[in-house]
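Asker: What follows is the file final36.cif, containing mmCIF, N, CA and C atoms:
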```cif
data_input
loop_
_atom_site.label_atom_id
_atom_site.label_comp_id
_atom_site.auth_asym_id
_atom_site.auth_seq_id
_atom_site.Cartn_x
_atom_site.Cartn_y
_atom_site.Cartn_z
N MET A 1 0.85 -1.19 0.00
CA MET A 1 0.00 0.00 0.00
C MET A 1 0.88 1.24 0.00
N ARG A 2 0.59 2.18 -0.83
CA ARG A 2 1.40 3.39 -0.92
C ARG A 2 0.66 4.56 -0.28
N ASN A 3 1.41 5.53 0.17
CA ASN A 3 0.81 6.73 0.77
C ASN A 3 0.28 7.63 -0.32
N LEU A 4 -0.90 8.14 -0.12
CA LEU A 4 -1.50 9.06 -1.08
C LEU A 4 -1.75 10.39 -0.39
N ASP A 5 -1.53 11.47 -1.10
CA ASP A 5 -1.81 12.79 -0.55
C ASP A 5 -3.32 12.99 -0.46
N ILE A 6 -3.74 13.67 0.60
CA ILE A 6 -5.15 14.01 0.77
C ILE A 6 -5.28 15.52 0.60
N ASP A 7 -6.20 15.94 -0.24
CA ASP A 7 -6.41 17.37 -0.48
C ASP A 7 -6.83 18.07 0.80
N SER A 8 -6.54 19.37 0.87
CA SER A 8 -6.96 20.16 2.04
C SER A 8 -8.48 20.33 2.02
N PHE A 9 -9.03 20.63 3.18
CA PHE A 9 -10.48 20.79 3.32
C PHE A 9 -10.73 21.96 4.27
N THR A 10 -11.16 23.07 3.71
CA THR A 10 -11.42 24.27 4.50
C THR A 10 -12.85 24.70 4.26
N THR A 11 -13.59 24.93 5.34
CA THR A 11 -14.97 25.38 5.20
C THR A 11 -15.13 26.73 5.87
N LEU A 12 -16.17 27.43 5.48
CA LEU A 12 -16.51 28.71 6.08
C LEU A 12 -17.85 28.56 6.79
N ASP A 13 -17.83 28.75 8.10
CA ASP A 13 -19.04 28.68 8.91
C ASP A 13 -19.32 30.07 9.47
N ALA A 14 -20.59 30.43 9.59
CA ALA A 14 -20.95 31.74 10.14
C ALA A 14 -22.22 31.60 10.98
N GLN A 15 -22.30 32.43 12.02
CA GLN A 15 -23.47 32.40 12.90
C GLN A 15 -23.70 33.80 13.45
N TYR A 16 -24.97 34.20 13.53
CA TYR A 16 -25.35 35.48 14.12
C TYR A 16 -26.48 35.23 15.10
N SER A 17 -26.38 35.83 16.27
CA SER A 17 -27.41 35.66 17.29
C SER A 17 -27.86 37.03 17.77
N PHE A 18 -29.16 37.20 17.90
CA PHE A 18 -29.74 38.43 18.43
C PHE A 18 -30.49 38.11 19.71
N GLN A 19 -30.16 38.81 20.78
CA GLN A 19 -30.81 38.62 22.08
C GLN A 19 -31.96 39.62 22.21
N PHE A 20 -33.18 39.12 22.35
CA PHE A 20 -34.34 39.99 22.54
C PHE A 20 -34.53 40.38 23.99
N GLY A 21 -33.96 39.59 24.90
CA GLY A 21 -34.15 39.86 26.32
C GLY A 21 -35.61 39.69 26.69
N GLU A 22 -36.14 40.64 27.45
CA GLU A 22 -37.54 40.57 27.88
C GLU A 22 -38.48 41.37 26.97
N SER A 23 -37.98 41.82 25.81
CA SER A 23 -38.80 42.66 24.94
C SER A 23 -39.97 41.91 24.29
N LEU A 24 -39.89 40.60 24.17
CA LEU A 24 -40.99 39.82 23.59
C LEU A 24 -41.97 39.35 24.67
N ILE A 25 -41.43 38.69 25.69
CA ILE A 25 -42.26 38.17 26.77
C ILE A 25 -41.59 38.52 28.09
N GLU A 26 -42.31 39.18 28.97
CA GLU A 26 -41.75 39.59 30.25
C GLU A 26 -41.35 38.36 31.06
N GLY A 27 -40.20 38.43 31.71
CA GLY A 27 -39.72 37.34 32.54
C GLY A 27 -38.98 36.25 31.77
N THR A 28 -38.70 36.49 30.49
CA THR A 28 -37.98 35.50 29.69
C THR A 28 -36.76 36.14 29.03
N ASP A 29 -35.87 35.33 28.57
CA ASP A 29 -34.72 35.77 27.79
C ASP A 29 -34.76 35.01 26.47
N THR A 30 -35.14 35.68 25.40
CA THR A 30 -35.34 35.04 24.09
C THR A 30 -34.21 35.43 23.15
N ALA A 31 -33.76 34.46 22.35
CA ALA A 31 -32.70 34.71 21.37
C ALA A 31 -33.07 34.06 20.04
N LEU A 32 -32.65 34.71 18.96
CA LEU A 32 -32.82 34.19 17.61
C LEU A 32 -31.43 34.03 17.01
N THR A 33 -31.13 32.83 16.53
CA THR A 33 -29.82 32.55 15.96
C THR A 33 -30.01 32.01 14.55
N VAL A 34 -29.24 32.54 13.61
CA VAL A 34 -29.25 32.05 12.23
C VAL A 34 -27.80 31.77 11.85
N GLY A 35 -27.59 30.70 11.09
CA GLY A 35 -26.22 30.36 10.72
C GLY A 35 -26.15 29.51 9.48
N VAL A 36 -24.93 29.33 9.02
CA VAL A 36 -24.66 28.48 7.87
C VAL A 36 -23.37 27.70 8.15
N ILE A 37 -23.41 26.42 7.85
CA ILE A 37 -22.25 25.55 7.98
C ILE A 37 -21.79 25.20 6.57
N ASN A 38 -20.51 25.34 6.32
CA ASN A 38 -19.93 25.06 5.00
C ASN A 38 -20.57 25.96 3.93
N ALA A 39 -20.49 27.25 4.14
CA ALA A 39 -21.14 28.23 3.26
C ALA A 39 -20.70 28.12 1.80
N THR A 40 -19.48 27.71 1.57
CA THR A 40 -18.98 27.60 0.20
C THR A 40 -19.27 26.23 -0.42
N ASN A 41 -19.96 25.36 0.32
CA ASN A 41 -20.41 24.05 -0.17
C ASN A 41 -19.25 23.18 -0.66
N GLU A 42 -18.15 23.14 0.12
CA GLU A 42 -16.98 22.34 -0.23
C GLU A 42 -17.23 20.86 0.03
N ASN A 43 -16.79 20.02 -0.88
CA ASN A 43 -16.84 18.58 -0.69
C ASN A 43 -15.62 18.14 0.11
N PRO A 44 -15.78 17.18 1.03
CA PRO A 44 -14.60 16.71 1.75
C PRO A 44 -13.67 15.95 0.80
N PRO A 45 -12.37 15.94 1.12
CA PRO A 45 -11.44 15.22 0.24
C PRO A 45 -11.69 13.72 0.31
N LEU A 46 -11.46 13.05 -0.79
CA LEU A 46 -11.61 11.60 -0.85
C LEU A 46 -10.43 10.94 -0.15
N VAL A 47 -10.73 9.90 0.62
CA VAL A 47 -9.69 9.09 1.27
C VAL A 47 -10.01 7.62 1.04
N ARG A 48 -9.02 6.77 1.20
CA ARG A 48 -9.21 5.34 0.94
C ARG A 48 -9.67 4.62 2.21
N ILE A 49 -10.90 4.91 2.65
CA ILE A 49 -11.52 4.19 3.76
C ILE A 49 -12.99 4.00 3.40
N ALA A 50 -13.70 3.23 4.20
CA ALA A 50 -15.13 3.03 3.96
C ALA A 50 -15.84 4.37 4.01
N GLY A 51 -16.68 4.65 3.05
CA GLY A 51 -17.39 5.92 2.98
C GLY A 51 -16.69 6.95 2.13
N ASN A 52 -15.41 6.75 1.84
CA ASN A 52 -14.60 7.62 0.98
C ASN A 52 -14.34 9.02 1.52
N TYR A 53 -14.59 9.26 2.81
CA TYR A 53 -14.20 10.52 3.44
C TYR A 53 -13.89 10.23 4.90
N ASP A 54 -13.09 11.10 5.52
CA ASP A 54 -12.74 10.93 6.93
C ASP A 54 -13.82 11.59 7.77
N PRO A 55 -14.63 10.81 8.50
CA PRO A 55 -15.75 11.39 9.25
C PRO A 55 -15.31 12.27 10.43
N LYS A 56 -14.04 12.22 10.80
CA LYS A 56 -13.55 13.07 11.89
C LYS A 56 -13.25 14.49 11.42
N THR A 57 -12.97 14.65 10.14
CA THR A 57 -12.61 15.97 9.63
C THR A 57 -13.50 16.47 8.50
N GLY A 58 -14.27 15.59 7.86
CA GLY A 58 -15.09 16.00 6.73
C GLY A 58 -16.55 15.68 6.93
N ASP A 59 -17.39 16.30 6.14
CA ASP A 59 -18.83 16.07 6.21
C ASP A 59 -19.39 16.14 4.79
N PRO A 60 -19.97 15.06 4.28
CA PRO A 60 -20.43 15.05 2.89
C PRO A 60 -21.77 15.74 2.67
N ARG A 61 -22.41 16.26 3.72
CA ARG A 61 -23.74 16.86 3.56
C ARG A 61 -23.72 18.21 2.87
N GLY A 62 -22.56 18.84 2.75
CA GLY A 62 -22.48 20.12 2.06
C GLY A 62 -23.01 21.27 2.90
N ARG A 63 -23.48 22.31 2.22
CA ARG A 63 -23.97 23.51 2.89
C ARG A 63 -25.23 23.22 3.69
N ARG A 64 -25.27 23.75 4.92
CA ARG A 64 -26.47 23.62 5.76
C ARG A 64 -26.76 24.96 6.42
N VAL A 65 -28.00 25.38 6.31
CA VAL A 65 -28.46 26.63 6.91
C VAL A 65 -29.39 26.27 8.05
N TYR A 66 -29.30 27.01 9.16
CA TYR A 66 -30.16 26.71 10.30
C TYR A 66 -30.69 27.98 10.95
N LEU A 67 -31.80 27.82 11.63
CA LEU A 67 -32.45 28.89 12.38
C LEU A 67 -32.83 28.31 13.74
N LYS A 68 -32.51 29.02 14.79
CA LYS A 68 -32.78 28.53 16.14
C LYS A 68 -33.40 29.66 16.97
N ILE A 69 -34.48 29.33 17.66
CA ILE A 69 -35.12 30.26 18.59
C ILE A 69 -35.07 29.61 19.96
N SER A 70 -34.55 30.33 20.94
CA SER A 70 -34.48 29.78 22.29
C SER A 70 -35.05 30.78 23.29
N THR A 71 -35.68 30.23 24.31
CA THR A 71 -36.27 31.06 25.38
C THR A 71 -35.92 30.44 26.72
N ARG A 72 -35.51 31.30 27.64
CA ARG A 72 -35.26 30.87 29.01
C ARG A 72 -36.24 31.56 29.92
N PHE A 73 -36.84 30.78 30.81
CA PHE A 73 -37.83 31.31 31.74
C PHE A 73 -37.20 31.55 33.08
#
```
Rewrite the coordinates I just gave you, this time as structure tokens.

Answerer:
Amino acid sequence: MRNLDIDSFTTLDAQYSFQFGESLIEGTDTALTVGVINATNENPPLVRIAGNYDPKTGDPRGRRVYLKISTRF
């Protein structure tokens, strides 16, 4: 078996959170968070293992956008 080079894998993740505090509901702390994982939609590098990518460093799902609303009472 010979050693093969594995391409680099760099992703851009971003997240923004806004704290509403008690402005929506008195006695609560509400926050709205929006984010994107792997904004540039990079594919993980291929490696010679089952699944063809290293699950510790890569993710084949590509770009993911999320929205989260949380409230503390």

Asker: Run the PyMOL selection byres ((chain A and resi 12) around 6) mentally over the shown coordinates, then write out the matched residues as a PyMOL selection string, using the chain letters and numbers from the document.

Answerer: chain A and resi 10-11+13-14+36-40

Asker: Go ahead and compute the interatomic distance for CA of Asp5 (chain A) and atom N of Arg64 (chain A), in Å to one decimal.

Answerer: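 Straight-line distance from CA of Asp5 (chain A) to atom N of Arg64 (chain A) works out to 26.5 Å.
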
Asker: Given the choices A:Ser70, A:Gln15, A:Pro44, A:Asp7, which gets closest to Lys56 (chain A) if the distance is worked out from only C-alpha atoms?

Answerer: A:Pro44

Asker: Could you state which residues are captured by the PyMOL selection byres ((chain A and resi 30) around 5) in this file, as a compact mmCIF listing (two decimals) with N, CA and C atoms, in the frame of the given file?

Answerer:
```
# COMPACT_ATOMS: atom_id res chain seq x y z
N GLN A 19 -30.16 38.81 20.78
CA GLN A 19 -30.81 38.62 22.08
C GLN A 19 -31.96 39.62 22.21
N PHE A 20 -33.18 39.12 22.35
CA PHE A 20 -34.34 39.99 22.54
C PHE A 20 -34.53 40.38 23.99
N GLY A 21 -33.96 39.59 24.90
CA GLY A 21 -34.15 39.86 26.32
C GLY A 21 -35.61 39.69 26.69
N THR A 28 -38.70 36.49 30.49
CA THR A 28 -37.98 35.50 29.69
C THR A 28 -36.76 36.14 29.03
N ASP A 29 -35.87 35.33 28.57
CA ASP A 29 -34.72 35.77 27.79
C ASP A 29 -34.76 35.01 26.47
N ALA A 31 -33.76 34.46 22.35
CA ALA A 31 -32.70 34.71 21.37
C ALA A 31 -33.07 34.06 20.04
N LEU A 32 -32.65 34.71 18.96
CA LEU A 32 -32.82 34.19 17.61
C LEU A 32 -31.43 34.03 17.01
N SER A 70 -34.55 30.33 20.94
CA SER A 70 -34.48 29.78 22.29
C SER A 70 -35.05 30.78 23.29
N THR A 71 -35.68 30.23 24.31
CA THR A 71 -36.27 31.06 25.38
C THR A 71 -35.92 30.44 26.72
N ARG A 72 -35.51 31.30 27.64
CA ARG A 72 -35.26 30.87 29.01
C ARG A 72 -36.24 31.56 29.92
```

Asker: Find the spatial neighbours of Ile6 (chain A), counting only N, CA and C atoms, within a cut-off of 8 Å - ignore same-chain residues fewer than 6 positions away - and output them as a list in words.

Answerer: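 Contacts, in chain order: Pro45, Leu46 and Val47 of chain A.
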
Asker: Identify, with DSSP run on backbone atoms, the residues in chain A assigned to strand (DSSP E), and express the list as a list of chain:residue names.

Answerer: A:Ala14, A:Gln15, A:Tyr16, A:Ser17, A:Phe18, A:Gln19, A:Phe20, A:Gly21, A:Asp29, A:Thr30, A:Ala31, A:Leu32, A:Thr33, A:Val34, A:Gly35, A:Val36, A:Ile37, A:Arg64, A:Val65, A:Tyr66, A:Leu67, A:Lys68, A:Ile69, A:Ser70, A:Thr71, A:Arg72

Asker: What would the file look like if the residues just selected were written as a PDB file, keeping the file's coordinate frame with N, CA and C atoms?

Answerer:
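Written output follows (again-v9.pdb):
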```pdb
ATOM      1  N   ALA A  14     -20.590  30.430   9.590  1.00  0.00           N
ATOM      2  CA  ALA A  14     -20.950  31.740  10.140  1.00  0.00           C
ATOM      3  C   ALA A  14     -22.220  31.600  10.980  1.00  0.00           C
ATOM      4  N   GLN A  15     -22.300  32.430  12.020  1.00  0.00           N
ATOM      5  CA  GLN A  15     -23.470  32.400  12.900  1.00  0.00           C
ATOM      6  C   GLN A  15     -23.700  33.800  13.450  1.00  0.00           C
ATOM      7  N   TYR A  16     -24.970  34.200  13.530  1.00  0.00           N
ATOM      8  CA  TYR A  16     -25.350  35.480  14.120  1.00  0.00           C
ATOM      9  C   TYR A  16     -26.480  35.230  15.100  1.00  0.00           C
ATOM     10  N   SER A  17     -26.380  35.830  16.270  1.00  0.00           N
ATOM     11  CA  SER A  17     -27.410  35.660  17.290  1.00  0.00           C
ATOM     12  C   SER A  17     -27.860  37.030  17.770  1.00  0.00           C
ATOM     13  N   PHE A  18     -29.160  37.200  17.900  1.00  0.00           N
ATOM     14  CA  PHE A  18     -29.740  38.430  18.430  1.00  0.00           C
ATOM     15  C   PHE A  18     -30.490  38.110  19.710  1.00  0.00           C
ATOM     16  N   GLN A  19     -30.160  38.810  20.780  1.00  0.00           N
ATOM     17  CA  GLN A  19     -30.810  38.620  22.080  1.00  0.00           C
ATOM     18  C   GLN A  19     -31.960  39.620  22.210  1.00  0.00           C
ATOM     19  N   PHE A  20     -33.180  39.120  22.350  1.00  0.00           N
ATOM     20  CA  PHE A  20     -34.340  39.990  22.540  1.00  0.00           C
ATOM     21  C   PHE A  20     -34.530  40.380  23.990  1.00  0.00           C
ATOM     22  N   GLY A  21     -33.960  39.590  24.900  1.00  0.00           N
ATOM     23  CA  GLY A  21     -34.150  39.860  26.320  1.00  0.00           C
ATOM     24  C   GLY A  21     -35.610  39.690  26.690  1.00  0.00           C
ATOM     25  N   ASP A  29     -35.870  35.330  28.570  1.00  0.00           N
ATOM     26  CA  ASP A  29     -34.720  35.770  27.790  1.00  0.00           C
ATOM     27  C   ASP A  29     -34.760  35.010  26.470  1.00  0.00           C
ATOM     28  N   THR A  30     -35.140  35.680  25.400  1.00  0.00           N
ATOM     29  CA  THR A  30     -35.340  35.040  24.090  1.00  0.00           C
ATOM     30  C   THR A  30     -34.210  35.430  23.150  1.00  0.00           C
ATOM     31  N   ALA A  31     -33.760  34.460  22.350  1.00  0.00           N
ATOM     32  CA  ALA A  31     -32.700  34.710  21.370  1.00  0.00           C
ATOM     33  C   ALA A  31     -33.070  34.060  20.040  1.00  0.00           C
ATOM     34  N   LEU A  32     -32.650  34.710  18.960  1.00  0.00           N
ATOM     35  CA  LEU A  32     -32.820  34.190  17.610  1.00  0.00           C
ATOM     36  C   LEU A  32     -31.430  34.030  17.010  1.00  0.00           C
ATOM     37  N   THR A  33     -31.130  32.830  16.530  1.00  0.00           N
ATOM     38  CA  THR A  33     -29.820  32.550  15.960  1.00  0.00           C
ATOM     39  C   THR A  33     -30.010  32.010  14.550  1.00  0.00           C
ATOM     40  N   VAL A  34     -29.240  32.540  13.610  1.00  0.00           N
ATOM     41  CA  VAL A  34     -29.250  32.050  12.230  1.00  0.00           C
ATOM     42  C   VAL A  34     -27.800  31.770  11.850  1.00  0.00           C
ATOM     43  N   GLY A  35     -27.590  30.700  11.090  1.00  0.00           N
ATOM     44  CA  GLY A  35     -26.220  30.360  10.720  1.00  0.00           C
ATOM     45  C   GLY A  35     -26.150  29.510   9.480  1.00  0.00           C
ATOM     46  N   VAL A  36     -24.930  29.330   9.020  1.00  0.00           N
ATOM     47  CA  VAL A  36     -24.660  28.480   7.870  1.00  0.00           C
ATOM     48  C   VAL A  36     -23.370  27.700   8.150  1.00  0.00           C
ATOM     49  N   ILE A  37     -23.410  26.420   7.850  1.00  0.00           N
ATOM     50  CA  ILE A  37     -22.250  25.550   7.980  1.00  0.00           C
ATOM     51  C   ILE A  37     -21.790  25.200   6.570  1.00  0.00           C
ATOM     52  N   ARG A  64     -25.270  23.750   4.920  1.00  0.00           N
ATOM     53  CA  ARG A  64     -26.470  23.620   5.760  1.00  0.00           C
ATOM     54  C   ARG A  64     -26.760  24.960   6.420  1.00  0.00           C
ATOM     55  N   VAL A  65     -28.000  25.380   6.310  1.00  0.00           N
ATOM     56  CA  VAL A  65     -28.460  26.630   6.910  1.00  0.00           C
ATOM     57  C   VAL A  65     -29.390  26.270   8.050  1.00  0.00           C
ATOM     58  N   TYR A  66     -29.300  27.010   9.160  1.00  0.00           N
ATOM     59  CA  TYR A  66     -30.160  26.710  10.300  1.00  0.00           C
ATOM     60  C   TYR A  66     -30.690  27.980  10.950  1.00  0.00           C
ATOM     61  N   LEU A  67     -31.800  27.820  11.630  1.00  0.00           N
ATOM     62  CA  LEU A  67     -32.450  28.890  12.380  1.00  0.00           C
ATOM     63  C   LEU A  67     -32.830  28.310  13.740  1.00  0.00           C
ATOM     64  N   LYS A  68     -32.510  29.020  14.790  1.00  0.00           N
ATOM     65  CA  LYS A  68     -32.780  28.530  16.140  1.00  0.00           C
ATOM     66  C   LYS A  68     -33.400  29.660  16.970  1.00  0.00           C
ATOM     67  N   ILE A  69     -34.480  29.330  17.660  1.00  0.00           N
ATOM     68  CA  ILE A  69     -35.120  30.260  18.590  1.00  0.00           C
ATOM     69  C   ILE A  69     -35.070  29.610  19.960  1.00  0.00           C
ATOM     70  N   SER A  70     -34.550  30.330  20.940  1.00  0.00           N
ATOM     71  CA  SER A  70     -34.480  29.780  22.290  1.00  0.00           C
ATOM     72  C   SER A  70     -35.050  30.780  23.290  1.00  0.00           C
ATOM     73  N   THR A  71     -35.680  30.230  24.310  1.00  0.00           N
ATOM     74  CA  THR A  71     -36.270  31.060  25.380  1.00  0.00           C
ATOM     75  C   THR A  71     -35.920  30.440  26.720  1.00  0.00           C
ATOM     76  N   ARG A  72     -35.510  31.300  27.640  1.00  0.00           N
ATOM     77  CA  ARG A  72     -35.260  30.870  29.010  1.00  0.00           C
ATOM     78  C   ARG A  72     -36.240  31.560  29.920  1.00  0.00           C
TER      79      ARG A  72
END
```

Asker: So, with only N, CA and C atoms as the atoms that count, which of A:Lys68, A:Arg48, A:Asp54, A:Asp59 lies closest to Thr33 (chain A)?

Answerer: A:Lys68

Asker: Could you add N, CA, C and O atoms to region 50-62 of chain A and give me the result as a PDB file, keeping the file's coordinate frame?

Answerer:
```
ATOM      1  N   ALA A  50     -13.700   3.230   4.200  1.00  0.00           N
ATOM      2  CA  ALA A  50     -15.130   3.030   3.960  1.00  0.00           C
ATOM      3  C   ALA A  50     -15.840   4.370   4.010  1.00  0.00           C
ATOM      4  O   ALA A  50     -15.633   5.164   4.913  1.00  0.00           O
ATOM      5  N   GLY A  51     -16.680   4.650   3.050  1.00  0.00           N
ATOM      6  CA  GLY A  51     -17.390   5.920   2.980  1.00  0.00           C
ATOM      7  C   GLY A  51     -16.690   6.950   2.130  1.00  0.00           C
ATOM      8  O   GLY A  51     -17.256   7.963   1.770  1.00  0.00           O
ATOM      9  N   ASN A  52     -15.410   6.750   1.840  1.00  0.00           N
ATOM     10  CA  ASN A  52     -14.600   7.620   0.980  1.00  0.00           C
ATOM     11  C   ASN A  52     -14.340   9.020   1.520  1.00  0.00           C
ATOM     12  O   ASN A  52     -13.931   9.904   0.782  1.00  0.00           O
ATOM     13  N   TYR A  53     -14.590   9.260   2.810  1.00  0.00           N
ATOM     14  CA  TYR A  53     -14.200  10.520   3.440  1.00  0.00           C
ATOM     15  C   TYR A  53     -13.890  10.230   4.900  1.00  0.00           C
ATOM     16  O   TYR A  53     -14.347   9.250   5.472  1.00  0.00           O
ATOM     17  N   ASP A  54     -13.090  11.100   5.520  1.00  0.00           N
ATOM     18  CA  ASP A  54     -12.740  10.930   6.930  1.00  0.00           C
ATOM     19  C   ASP A  54     -13.820  11.590   7.770  1.00  0.00           C
ATOM     20  O   ASP A  54     -13.950  12.814   7.775  1.00  0.00           O
ATOM     21  N   PRO A  55     -14.630  10.810   8.500  1.00  0.00           N
ATOM     22  CA  PRO A  55     -15.750  11.390   9.250  1.00  0.00           C
ATOM     23  C   PRO A  55     -15.310  12.270  10.430  1.00  0.00           C
ATOM     24  O   PRO A  55     -16.118  13.005  10.974  1.00  0.00           O
ATOM     25  N   LYS A  56     -14.040  12.220  10.800  1.00  0.00           N
ATOM     26  CA  LYS A  56     -13.550  13.070  11.890  1.00  0.00           C
ATOM     27  C   LYS A  56     -13.250  14.490  11.420  1.00  0.00           C
ATOM     28  O   LYS A  56     -13.250  15.418  12.211  1.00  0.00           O
ATOM     29  N   THR A  57     -12.970  14.650  10.140  1.00  0.00           N
ATOM     30  CA  THR A  57     -12.610  15.970   9.630  1.00  0.00           C
ATOM     31  C   THR A  57     -13.500  16.470   8.500  1.00  0.00           C
ATOM     32  O   THR A  57     -13.480  17.653   8.189  1.00  0.00           O
ATOM     33  N   GLY A  58     -14.270  15.590   7.860  1.00  0.00           N
ATOM     34  CA  GLY A  58     -15.090  16.000   6.730  1.00  0.00           C
ATOM     35  C   GLY A  58     -16.550  15.680   6.930  1.00  0.00           C
ATOM     36  O   GLY A  58     -16.911  14.894   7.805  1.00  0.00           O
ATOM     37  N   ASP A  59     -17.390  16.300   6.140  1.00  0.00           N
ATOM     38  CA  ASP A  59     -18.830  16.070   6.210  1.00  0.00           C
ATOM     39  C   ASP A  59     -19.390  16.140   4.790  1.00  0.00           C
ATOM     40  O   ASP A  59     -19.311  17.186   4.146  1.00  0.00           O
ATOM     41  N   PRO A  60     -19.970  15.060   4.280  1.00  0.00           N
ATOM     42  CA  PRO A  60     -20.430  15.050   2.890  1.00  0.00           C
ATOM     43  C   PRO A  60     -21.770  15.740   2.670  1.00  0.00           C
ATOM     44  O   PRO A  60     -22.245  15.814   1.547  1.00  0.00           O
ATOM     45  N   ARG A  61     -22.410  16.260   3.720  1.00  0.00           N
ATOM     46  CA  ARG A  61     -23.740  16.860   3.560  1.00  0.00           C
ATOM     47  C   ARG A  61     -23.720  18.210   2.870  1.00  0.00           C
ATOM     48  O   ARG A  61     -24.758  18.722   2.476  1.00  0.00           O
ATOM     49  N   GLY A  62     -22.560  18.840   2.750  1.00  0.00           N
ATOM     50  CA  GLY A  62     -22.480  20.120   2.060  1.00  0.00           C
ATOM     51  C   GLY A  62     -23.010  21.270   2.900  1.00  0.00           C
ATOM     52  O   GLY A  62     -23.014  21.228   4.120  1.00  0.00           O
TER      53      GLY A  62
END
```
